[in-house]
>>> print(open('structure00.pdb').read())   # PDB, C-alpha atoms and all ligand atoms
ATOM      1  CA  MET A   1       0.000   0.000   0.000
ATOM      2  CA  LYS A   2       1.821   3.085  -1.201
ATOM      3  CA  LEU A   3       1.882   6.258   0.858
ATOM      4  CA  THR A   4       0.959   8.317  -2.203
ATOM      5  CA  GLU A   5      -2.504   6.684  -2.207
ATOM      6  CA  LEU A   6      -3.366   8.820   0.825
ATOM      7  CA  PHE A   7      -3.017  12.055  -1.192
ATOM      8  CA  ASP A   8      -4.328  11.410  -4.702
ATOM      9  CA  GLY A   9      -1.065   9.966  -5.976
ATOM     10  CA  GLN A  10       1.151  12.668  -4.432
ATOM     11  CA  TRP A  11       3.614  12.385  -1.598
ATOM     12  CA  PRO A  12       2.613  14.275   1.559
ATOM     13  CA  GLN A  13       4.594  17.500   2.081
ATOM     14  CA  THR A  14       5.377  16.669   5.687
ATOM     15  CA  LEU A  15       5.989  13.524   7.699
ATOM     16  CA  LEU A  16       5.960  13.461  11.508
ATOM     17  CA  PHE A  17       7.645  10.407  13.028
ATOM     18  CA  ASP A  18       7.320   8.794  16.407
ATOM     19  CA  LEU A  19      10.736   7.649  17.695
ATOM     20  CA  ASP A  20      10.646   4.645  20.075
ATOM     21  CA  GLY A  21       9.195   1.602  18.333
ATOM     22  CA  THR A  22       8.837   3.389  14.981
ATOM     23  CA  LEU A  23      12.307   4.576  13.930
ATOM     24  CA  VAL A  24      14.435   2.968  16.639
ATOM     25  CA  ASP A  25      14.202  -0.315  18.548
ATOM     26  CA  SER A  26      15.122   1.125  21.939
ATOM     27  CA  ALA A  27      13.300  -1.267  24.282
ATOM     28  CA  ALA A  28      16.411  -3.154  25.401
ATOM     29  CA  ASP A  29      18.076   0.045  26.643
ATOM     30  CA  LEU A  30      14.891   1.267  28.318
ATOM     31  CA  ALA A  31      14.512  -2.141  29.998
ATOM     32  CA  ALA A  32      18.127  -2.107  31.191
ATOM     33  CA  ALA A  33      17.573   1.338  32.728
ATOM     34  CA  VAL A  34      14.258   0.371  34.348
ATOM     35  CA  ASP A  35      15.774  -2.806  35.788
ATOM     36  CA  GLN A  36      18.812  -0.917  37.076
ATOM     37  CA  MET A  37      16.492   1.563  38.813
ATOM     38  CA  LEU A  38      14.365  -1.239  40.312
ATOM     39  CA  THR A  39      17.447  -3.121  41.535
ATOM     40  CA  GLU A  40      18.879   0.015  43.147
ATOM     41  CA  MET A  41      15.566   0.435  44.945
ATOM     42  CA  GLY A  42      15.581  -3.158  46.208
ATOM     43  CA  ARG A  43      12.724  -4.254  43.978
ATOM     44  CA  PRO A  44      12.404  -7.225  41.602
ATOM     45  CA  THR A  45      13.374  -6.486  37.991
ATOM     46  CA  ALA A  46      10.697  -6.237  35.278
ATOM     47  CA  GLY A  47      12.487  -7.716  32.253
ATOM     48  CA  ALA A  48      12.543  -6.578  28.630
ATOM     49  CA  GLU A  49       9.228  -8.146  27.644
ATOM     50  CA  ARG A  50       7.177  -6.221  30.187
ATOM     51  CA  VAL A  51       9.083  -2.956  29.810
ATOM     52  CA  ARG A  52       8.407  -3.091  26.065
ATOM     53  CA  GLN A  53       4.681  -3.024  26.878
ATOM     54  CA  TRP A  54       5.080  -0.015  29.180
ATOM     55  CA  VAL A  55       6.852   2.288  26.687
ATOM     56  CA  GLY A  56       4.992   4.986  24.774
ATOM     57  CA  ASN A  57       3.644   7.493  27.304
ATOM     58  CA  GLY A  58       6.910   9.113  28.385
ATOM     59  CA  ALA A  59       9.439   8.501  31.155
ATOM     60  CA  ALA A  60       7.189   9.476  34.086
ATOM     61  CA  VAL A  61       4.485   6.961  33.178
ATOM     62  CA  LEU A  62       7.111   4.304  32.402
ATOM     63  CA  VAL A  63       8.553   4.708  35.902
ATOM     64  CA  GLN A  64       5.073   4.662  37.467
ATOM     65  CA  ARG A  65       4.266   1.431  35.616
ATOM     66  CA  ALA A  66       7.587  -0.086  36.680
ATOM     67  CA  LEU A  67       6.990   0.778  40.348
ATOM     68  CA  ALA A  68       3.473  -0.653  40.216
ATOM     69  CA  GLY A  69       4.727  -3.659  38.217
ATOM     70  CA  ARG A  70       1.779  -3.302  35.885
ATOM     71  CA  HIS A  71       0.556  -1.370  32.881
ATOM     72  CA  ASP A  72      -2.497   0.190  34.522
ATOM     73  CA  HIS A  73      -0.314   1.713  37.210
ATOM     74  CA  GLU A  74      -3.216   3.589  38.796
ATOM     75  CA  ALA A  75      -4.876   0.254  39.618
ATOM     76  CA  GLY A  76      -1.781  -0.596  41.662
ATOM     77  CA  GLY A  77      -2.800   2.073  44.213
ATOM     78  CA  PRO A  78      -1.390   5.573  44.702
ATOM     79  CA  LEU A  79       2.384   5.807  44.523
ATOM     80  CA  ASP A  80       4.334   7.360  47.358
ATOM     81  CA  GLU A  81       5.580  10.715  46.000
ATOM     82  CA  ALA A  82       9.084  10.477  47.505
ATOM     83  CA  THR A  83       9.569   6.926  46.153
ATOM     84  CA  TYR A  84       8.356   8.005  42.719
ATOM     85  CA  ARG A  85      10.689  11.043  42.641
ATOM     86  CA  GLN A  86      13.641   8.882  43.639
ATOM     87  CA  ALA A  87      12.752   6.255  41.039
ATOM     88  CA  LEU A  88      12.391   8.864  38.279
ATOM     89  CA  ASP A  89      15.735  10.361  39.210
ATOM     90  CA  ARG A  90      17.437   6.947  39.189
ATOM     91  CA  PHE A  91      15.795   6.041  35.885
ATOM     92  CA  PHE A  92      17.135   9.240  34.263
ATOM     93  CA  THR A  93      20.653   8.511  35.512
ATOM     94  CA  ALA A  94      20.478   4.864  34.400
ATOM     95  CA  TYR A  95      18.997   5.610  30.984
ATOM     96  CA  ALA A  96      21.648   8.259  30.311
ATOM     97  CA  GLU A  97      24.157   5.385  30.636
ATOM     98  CA  HIS A  98      22.203   2.856  28.567
ATOM     99  CA  ASN A  99      20.638   5.081  25.891
ATOM    100  CA  GLY A 100      21.745   3.874  22.449
ATOM    101  CA  ARG A 101      23.841   0.926  23.660
ATOM    102  CA  HIS A 102      21.673  -1.820  22.204
ATOM    103  CA  ALA A 103      19.327   0.295  20.124
ATOM    104  CA  THR A 104      19.049  -0.291  16.386
ATOM    105  CA  VAL A 105      17.273   1.434  13.514
ATOM    106  CA  PHE A 106      14.355  -0.638  12.254
ATOM    107  CA  GLU A 107      14.552  -2.218   8.816
ATOM    108  CA  GLY A 108      12.964  -0.040   6.133
ATOM    109  CA  VAL A 109      13.532   3.260   7.939
ATOM    110  CA  GLU A 110      16.607   4.458   6.024
ATOM    111  CA  ALA A 111      15.114   3.480   2.652
ATOM    112  CA  PHE A 112      11.896   5.308   3.467
ATOM    113  CA  LEU A 113      13.626   8.465   4.748
ATOM    114  CA  THR A 114      15.859   8.495   1.671
ATOM    115  CA  ALA A 115      12.835   8.340  -0.621
ATOM    116  CA  ALA A 116      10.947  10.970   1.401
ATOM    117  CA  ARG A 117      13.890  13.358   1.197
ATOM    118  CA  GLU A 118      14.156  12.776  -2.574
ATOM    119  CA  GLN A 119      10.507  13.787  -2.799
ATOM    120  CA  GLY A 120      11.278  16.997  -0.913
ATOM    121  CA  CYS A 121       9.255  16.066   2.188
ATOM    122  CA  LYS A 122       9.773  17.983   5.413
ATOM    123  CA  LEU A 123      10.605  15.558   8.223
ATOM    124  CA  ALA A 124      10.187  15.893  11.986
ATOM    125  CA  VAL A 125      10.281  13.675  15.063
ATOM    126  CA  VAL A 126       7.450  13.968  17.589
ATOM    127  CA  THR A 127       8.214  11.724  20.550
ATOM    128  CA  ASN A 128       7.110  11.358  24.163
ATOM    129  CA  LYS A 129      10.726  10.602  25.085
ATOM    130  CA  PRO A 130      12.320  13.315  27.265
ATOM    131  CA  SER A 131      14.539  15.765  25.359
ATOM    132  CA  ALA A 132      17.532  14.750  27.512
ATOM    133  CA  PHE A 133      17.644  11.502  25.487
ATOM    134  CA  THR A 134      16.051  12.249  22.115
ATOM    135  CA  GLY A 135      18.839  14.163  20.402
ATOM    136  CA  ASP A 136      21.497  11.846  21.763
ATOM    137  CA  LEU A 137      19.687   8.726  20.535
ATOM    138  CA  LEU A 138      19.037  10.186  17.068
ATOM    139  CA  GLU A 139      22.696  11.152  16.813
ATOM    140  CA  GLN A 140      23.970   7.747  17.959
ATOM    141  CA  MET A 141      21.686   6.044  15.403
ATOM    142  CA  GLY A 142      22.953   8.370  12.653
ATOM    143  CA  LEU A 143      19.410   9.631  12.099
ATOM    144  CA  ASP A 144      19.682  13.229  13.320
ATOM    145  CA  HIS A 145      20.554  14.662   9.892
ATOM    146  CA  TRP A 146      17.149  13.682   8.489
ATOM    147  CA  PHE A 147      15.012  15.840  10.770
ATOM    148  CA  GLU A 148      14.543  19.603  10.697
ATOM    149  CA  VAL A 149      12.515  19.661  13.899
ATOM    150  CA  THR A 150      12.320  17.443  16.993
ATOM    151  CA  VAL A 151       9.532  17.763  19.560
ATOM    152  CA  SER A 152      10.128  15.726  22.723
ATOM    153  CA  GLY A 153       7.877  14.693  25.600
ATOM    154  CA  ASP A 154       8.937  17.704  27.665
ATOM    155  CA  THR A 155       9.195  20.313  24.899
ATOM    156  CA  LEU A 156       5.664  21.449  25.753
ATOM    157  CA  THR A 157       3.638  20.977  28.935
ATOM    158  CA  VAL A 158       1.540  18.308  27.183
ATOM    159  CA  LYS A 159       2.529  15.257  25.159
ATOM    160  CA  LYS A 160       0.891  12.837  22.703
ATOM    161  CA  PRO A 161      -2.033  11.975  22.541
ATOM    162  CA  ASP A 162      -2.531  15.721  22.930
ATOM    163  CA  PRO A 163      -2.344  17.219  19.418
ATOM    164  CA  ALA A 164      -0.201  20.185  20.549
ATOM    165  CA  PRO A 165       3.211  18.525  19.929
ATOM    166  CA  LEU A 166       2.122  17.697  16.364
ATOM    167  CA  HIS A 167       0.845  21.242  15.795
ATOM    168  CA  HIS A 168       4.075  22.591  17.275
ATOM    169  CA  ALA A 169       6.169  20.548  14.830
ATOM    170  CA  LEU A 170       4.025  21.610  11.856
ATOM    171  CA  GLU A 171       4.298  25.279  12.825
ATOM    172  CA  ALA A 172       8.061  25.033  13.303
ATOM    173  CA  LEU A 173       8.355  23.508   9.819
ATOM    174  CA  GLY A 174       5.975  26.055   8.314
ATOM    175  CA  ALA A 175       4.008  23.053   7.064
ATOM    176  CA  ASP A 176       0.465  22.725   5.751
ATOM    177  CA  PRO A 177      -1.441  20.389   8.133
ATOM    178  CA  ALA A 178      -3.674  19.305   5.249
ATOM    179  CA  ARG A 179      -0.665  17.680   3.538
ATOM    180  CA  ALA A 180       0.958  16.045   6.566
ATOM    181  CA  VAL A 181       1.023  12.488   7.909
ATOM    182  CA  MET A 182       1.901  11.009  11.294
ATOM    183  CA  VAL A 183       3.867   7.739  11.391
ATOM    184  CA  GLY A 184       3.787   5.832  14.682
ATOM    185  CA  ASP A 185       3.638   2.541  16.534
ATOM    186  CA  SER A 186       1.041   2.966  19.259
ATOM    187  CA  ILE A 187      -2.499   3.949  20.125
ATOM    188  CA  THR A 188      -1.006   7.170  21.507
ATOM    189  CA  ASP A 189       0.261   8.177  18.053
ATOM    190  CA  ILE A 190      -3.059   7.280  16.426
ATOM    191  CA  ARG A 191      -4.984   9.355  18.982
ATOM    192  CA  ALA A 192      -2.566  12.289  18.680
ATOM    193  CA  ALA A 193      -2.930  12.241  14.884
ATOM    194  CA  ARG A 194      -6.743  12.028  15.129
ATOM    195  CA  ASN A 195      -6.764  14.908  17.611
ATOM    196  CA  ALA A 196      -4.616  16.959  15.216
ATOM    197  CA  GLY A 197      -6.723  15.975  12.189
ATOM    198  CA  LEU A 198      -3.878  14.133  10.423
ATOM    199  CA  PRO A 199      -3.941  10.728   8.741
ATOM    200  CA  VAL A 200      -1.709   8.153  10.364
ATOM    201  CA  VAL A 201       0.444   5.262   9.216
ATOM    202  CA  ALA A 202       0.996   2.637  11.936
ATOM    203  CA  VAL A 203       3.795   0.063  12.091
ATOM    204  CA  ARG A 204       3.153  -3.439  13.471
ATOM    205  CA  TYR A 205       6.681  -4.051  14.746
ATOM    206  CA  GLY A 206       6.707  -1.427  17.518
ATOM    207  CA  TYR A 207       5.457  -1.086  21.072
ATOM    208  CA  ASN A 208       1.688  -0.935  21.348
ATOM    209  CA  HIS A 209       1.421  -2.177  24.930
ATOM    210  CA  GLY A 210       1.322  -5.784  23.716
ATOM    211  CA  GLU A 211      -1.853  -5.160  21.668
ATOM    212  CA  ALA A 212      -2.344  -5.463  17.897
ATOM    213  CA  ILE A 213      -2.419  -2.106  16.110
ATOM    214  CA  ASP A 214      -4.492  -3.190  13.110
ATOM    215  CA  THR A 215      -7.955  -2.313  14.391
ATOM    216  CA  LEU A 216      -7.201   1.050  15.974
ATOM    217  CA  GLY A 217      -8.186   3.231  13.037
ATOM    218  CA  ALA A 218      -4.887   4.011  11.272
ATOM    219  CA  GLU A 219      -5.243   4.767   7.551
ATOM    220  CA  ARG A 220      -2.383   2.371   6.802
ATOM    221  CA  VAL A 221      -0.769  -0.400   8.839
ATOM    222  CA  VAL A 222       2.561  -1.830   7.634
ATOM    223  CA  ASP A 223       5.238  -4.328   8.693
ATOM    224  CA  SER A 224       8.024  -2.118   7.335
ATOM    225  CA  LEU A 225       8.111   1.506   6.185
ATOM    226  CA  ALA A 226       9.630   0.174   2.937
ATOM    227  CA  GLU A 227       6.156  -1.190   2.091
ATOM    228  CA  LEU A 228       5.002   2.402   1.595
ATOM    229  CA  LEU A 229       7.380   2.955  -1.327
TER     230      LEU A 229
HETATM  231  O1  LIG B 301       9.263   7.668  25.789
HETATM  232  C1  LIG B 301       8.267   7.006  25.449
HETATM  233  O2  LIG B 301       7.421   6.594  26.249
HETATM  234  C2  LIG B 301       8.060   6.629  24.005
HETATM  235  O3  LIG B 301       8.409   7.566  23.073
HETATM  236  P1  LIG B 301       7.739   7.569  21.603
HETATM  237  O4  LIG B 301       6.666   8.632  21.688
HETATM  238  O5  LIG B 301       8.893   7.929  20.718
HETATM  239  O6  LIG B 301       7.196   6.210  21.314
HETATM  240 MG    MG B 302       6.466   4.846  19.937
END
>>> encode(input="structure00.pdb", output="structure tokens")
Amino acid sequence: MKLTELFDGQWPQTLLFDLDGTLVDSAADLAAAVDQMLTEMGRPTAGAERVRQWVGNGAAVLVQRALAGRHDHEAGGPLDEATYRQALDRFFTAYAEHNGRHATVFEGVEAFLTAAREQGCKLAVVTNKPSAFTGDLLEQMGLDHWFEVTVSGDTLTVKKPDPAPLHHALEALGADPARAVMVGDSITDIRAARNAGLPVVAVRYGYNHGEAIDTLGAERVVDSLAELL
């Protein structure tokens, strides 16, 4: 299913990309940092499989899920504020050490970005990842040169699924929202795109909290971004 089918045979002018689970397979590093934090706090580790399911709503929610040991962290009861602050602090320190160590760029990403650039598309990253890690990870993966604008989870006071980060990226690019597409891996990206009035391409290989992404309303769902070419 080609991307051009979304816009009457034309390429979109602008592409907004999610980062974790869409461009970069970063779960192993996030899991290493979460488990380091949990160990330092005398708690049992979570393991890569569960951490993968907890990624997508930013560092604060990831840490809350890790402390509760479950995805619906609120159902685990209220978290003690001091414990949460300490855990968040330890997670930031640990992830600064692990960020990029085991991460890889997903298959199809470079080919797709190359084609998009050839078509003159404007490219931006809109992630819920804190800015302390976003630029560093993009640089380590050799992806930073593709993107004119990066909006991180703490760039604004709200993050995806709020549409504001997407609007912010479009404004910074001087882009027409009517000719823009969001590309992401989770329900959060689909909701953010809906809220911003953009079509969305979803990838099946990312982190959607262990749930299938096919029935969540994305205009296109692919196994590799190369399928869009
Ligand atoms: O930090 C996260 O929770 C995930 O970030 P993402 O928005 O790039 O998937
Ligand atoms: Mg993601």
>>> closest_residue(input="structure00.pdb", among="A:Ala96, A:Leu229, A:Ala115, A:Val126", to="ligand LIG 301 (chain B)", atoms="all atoms listed in the file")
A:Val126
>>> closest_atom_pairs(input="structure00.pdb", of="chain A", to="ligand LIG 301 (chain B)", cutoff="6 Å", atoms="all atoms listed in the file", output="tab-separated table")
residue	atom	partner	partner_atom	distance
A:Asp18	CA	B:LIG301	O5	4.7
A:Leu19	CA	B:LIG301	O5	3.6
A:Asp20	CA	B:LIG301	O5	3.8
A:Gly21	CA	B:LIG301	O6	5.8
A:Val55	CA	B:LIG301	O2	4.4
A:Gly56	CA	B:LIG301	O2	3.3
A:Asn57	CA	B:LIG301	O2	4.0
A:Gly58	CA	B:LIG301	O2	3.3
A:Ala59	CA	B:LIG301	O1	5.4
A:Thr127	CA	B:LIG301	O4	3.6
A:Asn128	CA	B:LIG301	O4	3.7
A:Lys129	CA	B:LIG301	O1	3.4
>>> resolve_selection(input="structure00.pdb", expression="the PyMOL selection byres (((chain A and resi 131) around 8) and not hetatm)", output="PyMOL selection string")
chain A and resi 129-130+132-135+151-155
>>> atom_distance(input="structure00.pdb", atom1="atom CA of Pro199 of chain A", atom2="atom CA of Phe106 of chain A")
21.8 Å
>>> atom_distance(input="structure00.pdb", atom1="atom CA of Val203 of chain A", atom2="atom CA of Ala116 of chain A")
16.9 Å
>>> residues_near_point(input="structure00.pdb", point="(2.0, 3.3, 23.7)", cutoff="12 Å", atoms="all atoms listed in the file", output="compact mmCIF listing (two decimals) with C-alpha atoms, in the coordinates of the input")
# COMPACT_ATOMS: atom_id res chain seq x y z
CA ASP A 18 7.32 8.79 16.41
CA LEU A 19 10.74 7.65 17.70
CA ASP A 20 10.65 4.64 20.08
CA GLY A 21 9.20 1.60 18.33
CA THR A 22 8.84 3.39 14.98
CA VAL A 51 9.08 -2.96 29.81
CA ARG A 52 8.41 -3.09 26.06
CA GLN A 53 4.68 -3.02 26.88
CA TRP A 54 5.08 -0.02 29.18
CA VAL A 55 6.85 2.29 26.69
CA GLY A 56 4.99 4.99 24.77
CA ASN A 57 3.64 7.49 27.30
CA GLY A 58 6.91 9.11 28.38
CA ALA A 59 9.44 8.50 31.16
CA VAL A 61 4.49 6.96 33.18
CA LEU A 62 7.11 4.30 32.40
CA HIS A 71 0.56 -1.37 32.88
CA THR A 127 8.21 11.72 20.55
CA ASN A 128 7.11 11.36 24.16
CA LYS A 129 10.73 10.60 25.08
CA LYS A 160 0.89 12.84 22.70
CA PRO A 161 -2.03 11.98 22.54
CA GLY A 184 3.79 5.83 14.68
CA ASP A 185 3.64 2.54 16.53
CA SER A 186 1.04 2.97 19.26
CA ILE A 187 -2.50 3.95 20.12
CA THR A 188 -1.01 7.17 21.51
CA ASP A 189 0.26 8.18 18.05
CA ILE A 190 -3.06 7.28 16.43
CA ARG A 191 -4.98 9.36 18.98
CA ALA A 192 -2.57 12.29 18.68
CA ALA A 202 1.00 2.64 11.94
CA GLY A 206 6.71 -1.43 17.52
CA TYR A 207 5.46 -1.09 21.07
CA ASN A 208 1.69 -0.94 21.35
CA HIS A 209 1.42 -2.18 24.93
CA GLY A 210 1.32 -5.78 23.72
CA GLU A 211 -1.85 -5.16 21.67
CA ALA A 212 -2.34 -5.46 17.90
CA ILE A 213 -2.42 -2.11 16.11
>>> axis_aligned_box(input="structure00.pdb", around="segment 164-181 of chain A", padding_each_side="8 Å", output="AutoDock Vina command-line options")
--center_x 2.3 --center_y 19.3 --center_z 12.0 --size_x 28.0 --size_y 29.6 --size_z 33.0
>>> resolve_selection(input="structure00.pdb", expression="the PyMOL selection byres (((chain A and resi 180) around 6) and not hetatm)", output="number ranges by chain")
A: 12-15, 177-179, 181
>>> write_last_selection(input="structure00.pdb", atoms="C-alpha atoms", output="PDB file, in the coordinates of the input")
ATOM      1  CA  PRO A  12       2.613  14.275   1.559  1.00  0.00           C
ATOM      2  CA  GLN A  13       4.594  17.500   2.081  1.00  0.00           C
ATOM      3  CA  THR A  14       5.377  16.669   5.687  1.00  0.00           C
ATOM      4  CA  LEU A  15       5.989  13.524   7.699  1.00  0.00           C
ATOM      5  CA  PRO A 177      -1.441  20.389   8.133  1.00  0.00           C
ATOM      6  CA  ALA A 178      -3.674  19.305   5.249  1.00  0.00           C
ATOM      7  CA  ARG A 179      -0.665  17.680   3.538  1.00  0.00           C
ATOM      8  CA  VAL A 181       1.023  12.488   7.909  1.00  0.00           C
TER       9      VAL A 181
END
>>> closest_residue(input="structure00.pdb", among="A:Phe147, A:Phe112, A:Phe92, A:Phe17", to="ligand MG 302 (chain B)", atoms="all atoms listed in the file")
A:Phe17
>>> atom_distance(input="structure00.pdb", atom1="atom CA of Leu123 of chain A", atom2="atom CA of His167 of chain A")
13.6 Å
>>> resolve_selection(input="structure00.pdb", expression="the PyMOL selection byres (((chain A and resi 44) around 12) and not hetatm)", output="ChimeraX atom specification")
/A:34-43,45-47,66-69
>>> closest_residue(input="structure00.pdb", among="A:Glu97, A:Glu227, A:Asp80, A:Glu148", to="Gly174 of chain A", atoms="all atoms listed in the file")
A:Glu148
>>> closest_residue(input="structure00.pdb", among="A:Leu228, A:Leu138, A:Ala82, A:Val24", to="Thr104 of chain A", atoms="all atoms listed in the file")
A:Val24
>>> closest_residue(input="structure00.pdb", among="A:Ala33, A:Val200, A:Leu23, A:Leu137", to="ligand MG 302 (chain B)", atoms="all atoms listed in the file")
A:Leu23
>>> residues_around(input="structure00.pdb", residues="Asp136 of chain A", least_positions_apart="5", cutoff="10 Å", atoms="all atoms listed in the file", output="list in words")
Ala96, Asn99, Gly100, Ser131, Met141, Gly142 and Asp144 of chain A
>>> write_last_selection(input="structure00.pdb", atoms="C-alpha atoms", output="PDB file, in the coordinates of the input")
ATOM      1  CA  ALA A  96      21.648   8.259  30.311  1.00  0.00           C
ATOM      2  CA  ASN A  99      20.638   5.081  25.891  1.00  0.00           C
ATOM      3  CA  GLY A 100      21.745   3.874  22.449  1.00  0.00           C
ATOM      4  CA  SER A 131      14.539  15.765  25.359  1.00  0.00           C
ATOM      5  CA  MET A 141      21.686   6.044  15.403  1.00  0.00           C
ATOM      6  CA  GLY A 142      22.953   8.370  12.653  1.00  0.00           C
ATOM      7  CA  ASP A 144      19.682  13.229  13.320  1.00  0.00           C
TER       8      ASP A 144
END
>>> closest_residue(input="structure00.pdb", among="A:Arg85, A:Val222, A:Val109, A:Ala124", to="Thr150 of chain A", atoms="all atoms listed in the file")
A:Ala124
>>> residues_around(input="structure00.pdb", residues="Leu156 of chain A", least_positions_apart="5", cutoff="9 Å", atoms="all atoms listed in the file", output="PyMOL selection string")
chain A and resi 151+164-165+168
>>> write_last_selection(input="structure00.pdb", atoms="C-alpha atoms", output="mmCIF file, in the coordinates of the input")
data_model
loop_
_atom_site.group_PDB
_atom_site.id
_atom_site.type_symbol
_atom_site.label_atom_id
_atom_site.label_comp_id
_atom_site.auth_asym_id
_atom_site.auth_seq_id
_atom_site.Cartn_x
_atom_site.Cartn_y
_atom_site.Cartn_z
ATOM 1 C CA VAL A 151 9.532 17.763 19.560
ATOM 2 C CA ALA A 164 -0.201 20.185 20.549
ATOM 3 C CA PRO A 165 3.211 18.525 19.929
ATOM 4 C CA HIS A 168 4.075 22.591 17.275
#
>>> build_atoms(input="structure00.pdb", residues="segment 146-160 of chain A", atoms="N, CA and C atoms", output="mmCIF file, in the frame of the given file")
data_model
loop_
_atom_site.group_PDB
_atom_site.id
_atom_site.type_symbol
_atom_site.label_atom_id
_atom_site.label_comp_id
_atom_site.auth_asym_id
_atom_site.auth_seq_id
_atom_site.Cartn_x
_atom_site.Cartn_y
_atom_site.Cartn_z
ATOM 1 N N TRP A 146 18.367 13.729 9.296
ATOM 2 C CA TRP A 146 17.149 13.682 8.489
ATOM 3 C C TRP A 146 16.102 14.702 8.925
ATOM 4 N N PHE A 147 16.155 15.119 10.197
ATOM 5 C CA PHE A 147 15.012 15.840 10.770
ATOM 6 C C PHE A 147 15.302 17.318 11.026
ATOM 7 N N GLU A 148 14.412 18.158 10.513
ATOM 8 C CA GLU A 148 14.543 19.603 10.697
ATOM 9 C C GLU A 148 14.096 20.026 12.084
ATOM 10 N N VAL A 149 13.134 19.285 12.626
ATOM 11 C CA VAL A 149 12.515 19.661 13.899
ATOM 12 C C VAL A 149 12.337 18.402 14.749
ATOM 13 N N THR A 150 12.603 18.531 16.055
ATOM 14 C CA THR A 150 12.320 17.443 16.993
ATOM 15 C C THR A 150 11.503 18.003 18.148
ATOM 16 N N VAL A 151 10.352 17.391 18.408
ATOM 17 C CA VAL A 151 9.532 17.763 19.560
ATOM 18 C C VAL A 151 9.541 16.575 20.520
ATOM 19 N N SER A 152 10.010 16.808 21.744
ATOM 20 C CA SER A 152 10.128 15.726 22.723
ATOM 21 C C SER A 152 8.981 15.791 23.734
ATOM 22 N N GLY A 153 8.967 14.801 24.635
ATOM 23 C CA GLY A 153 7.877 14.693 25.600
ATOM 24 C C GLY A 153 7.799 15.859 26.569
ATOM 25 N N ASP A 154 8.930 16.566 26.746
ATOM 26 C CA ASP A 154 8.937 17.704 27.665
ATOM 27 C C ASP A 154 9.186 19.044 26.953
ATOM 28 N N THR A 155 9.045 19.046 25.635
ATOM 29 C CA THR A 155 9.195 20.313 24.899
ATOM 30 C C THR A 155 8.044 21.256 25.259
ATOM 31 N N LEU A 156 6.850 20.679 25.353
ATOM 32 C CA LEU A 156 5.664 21.449 25.753
ATOM 33 C C LEU A 156 5.203 20.906 27.112
ATOM 34 N N THR A 157 4.148 21.488 27.652
ATOM 35 C CA THR A 157 3.638 20.977 28.935
ATOM 36 C C THR A 157 2.733 19.766 28.730
ATOM 37 N N VAL A 158 2.362 19.486 27.486
ATOM 38 C CA VAL A 158 1.540 18.308 27.183
ATOM 39 C C VAL A 158 2.277 17.431 26.177
ATOM 40 N N LYS A 159 1.928 16.146 26.144
ATOM 41 C CA LYS A 159 2.529 15.257 25.159
ATOM 42 C C LYS A 159 1.440 14.471 24.438
ATOM 43 N N LYS A 160 1.845 13.689 23.410
ATOM 44 C CA LYS A 160 0.891 12.837 22.703
ATOM 45 C C LYS A 160 0.153 11.975 23.727
#
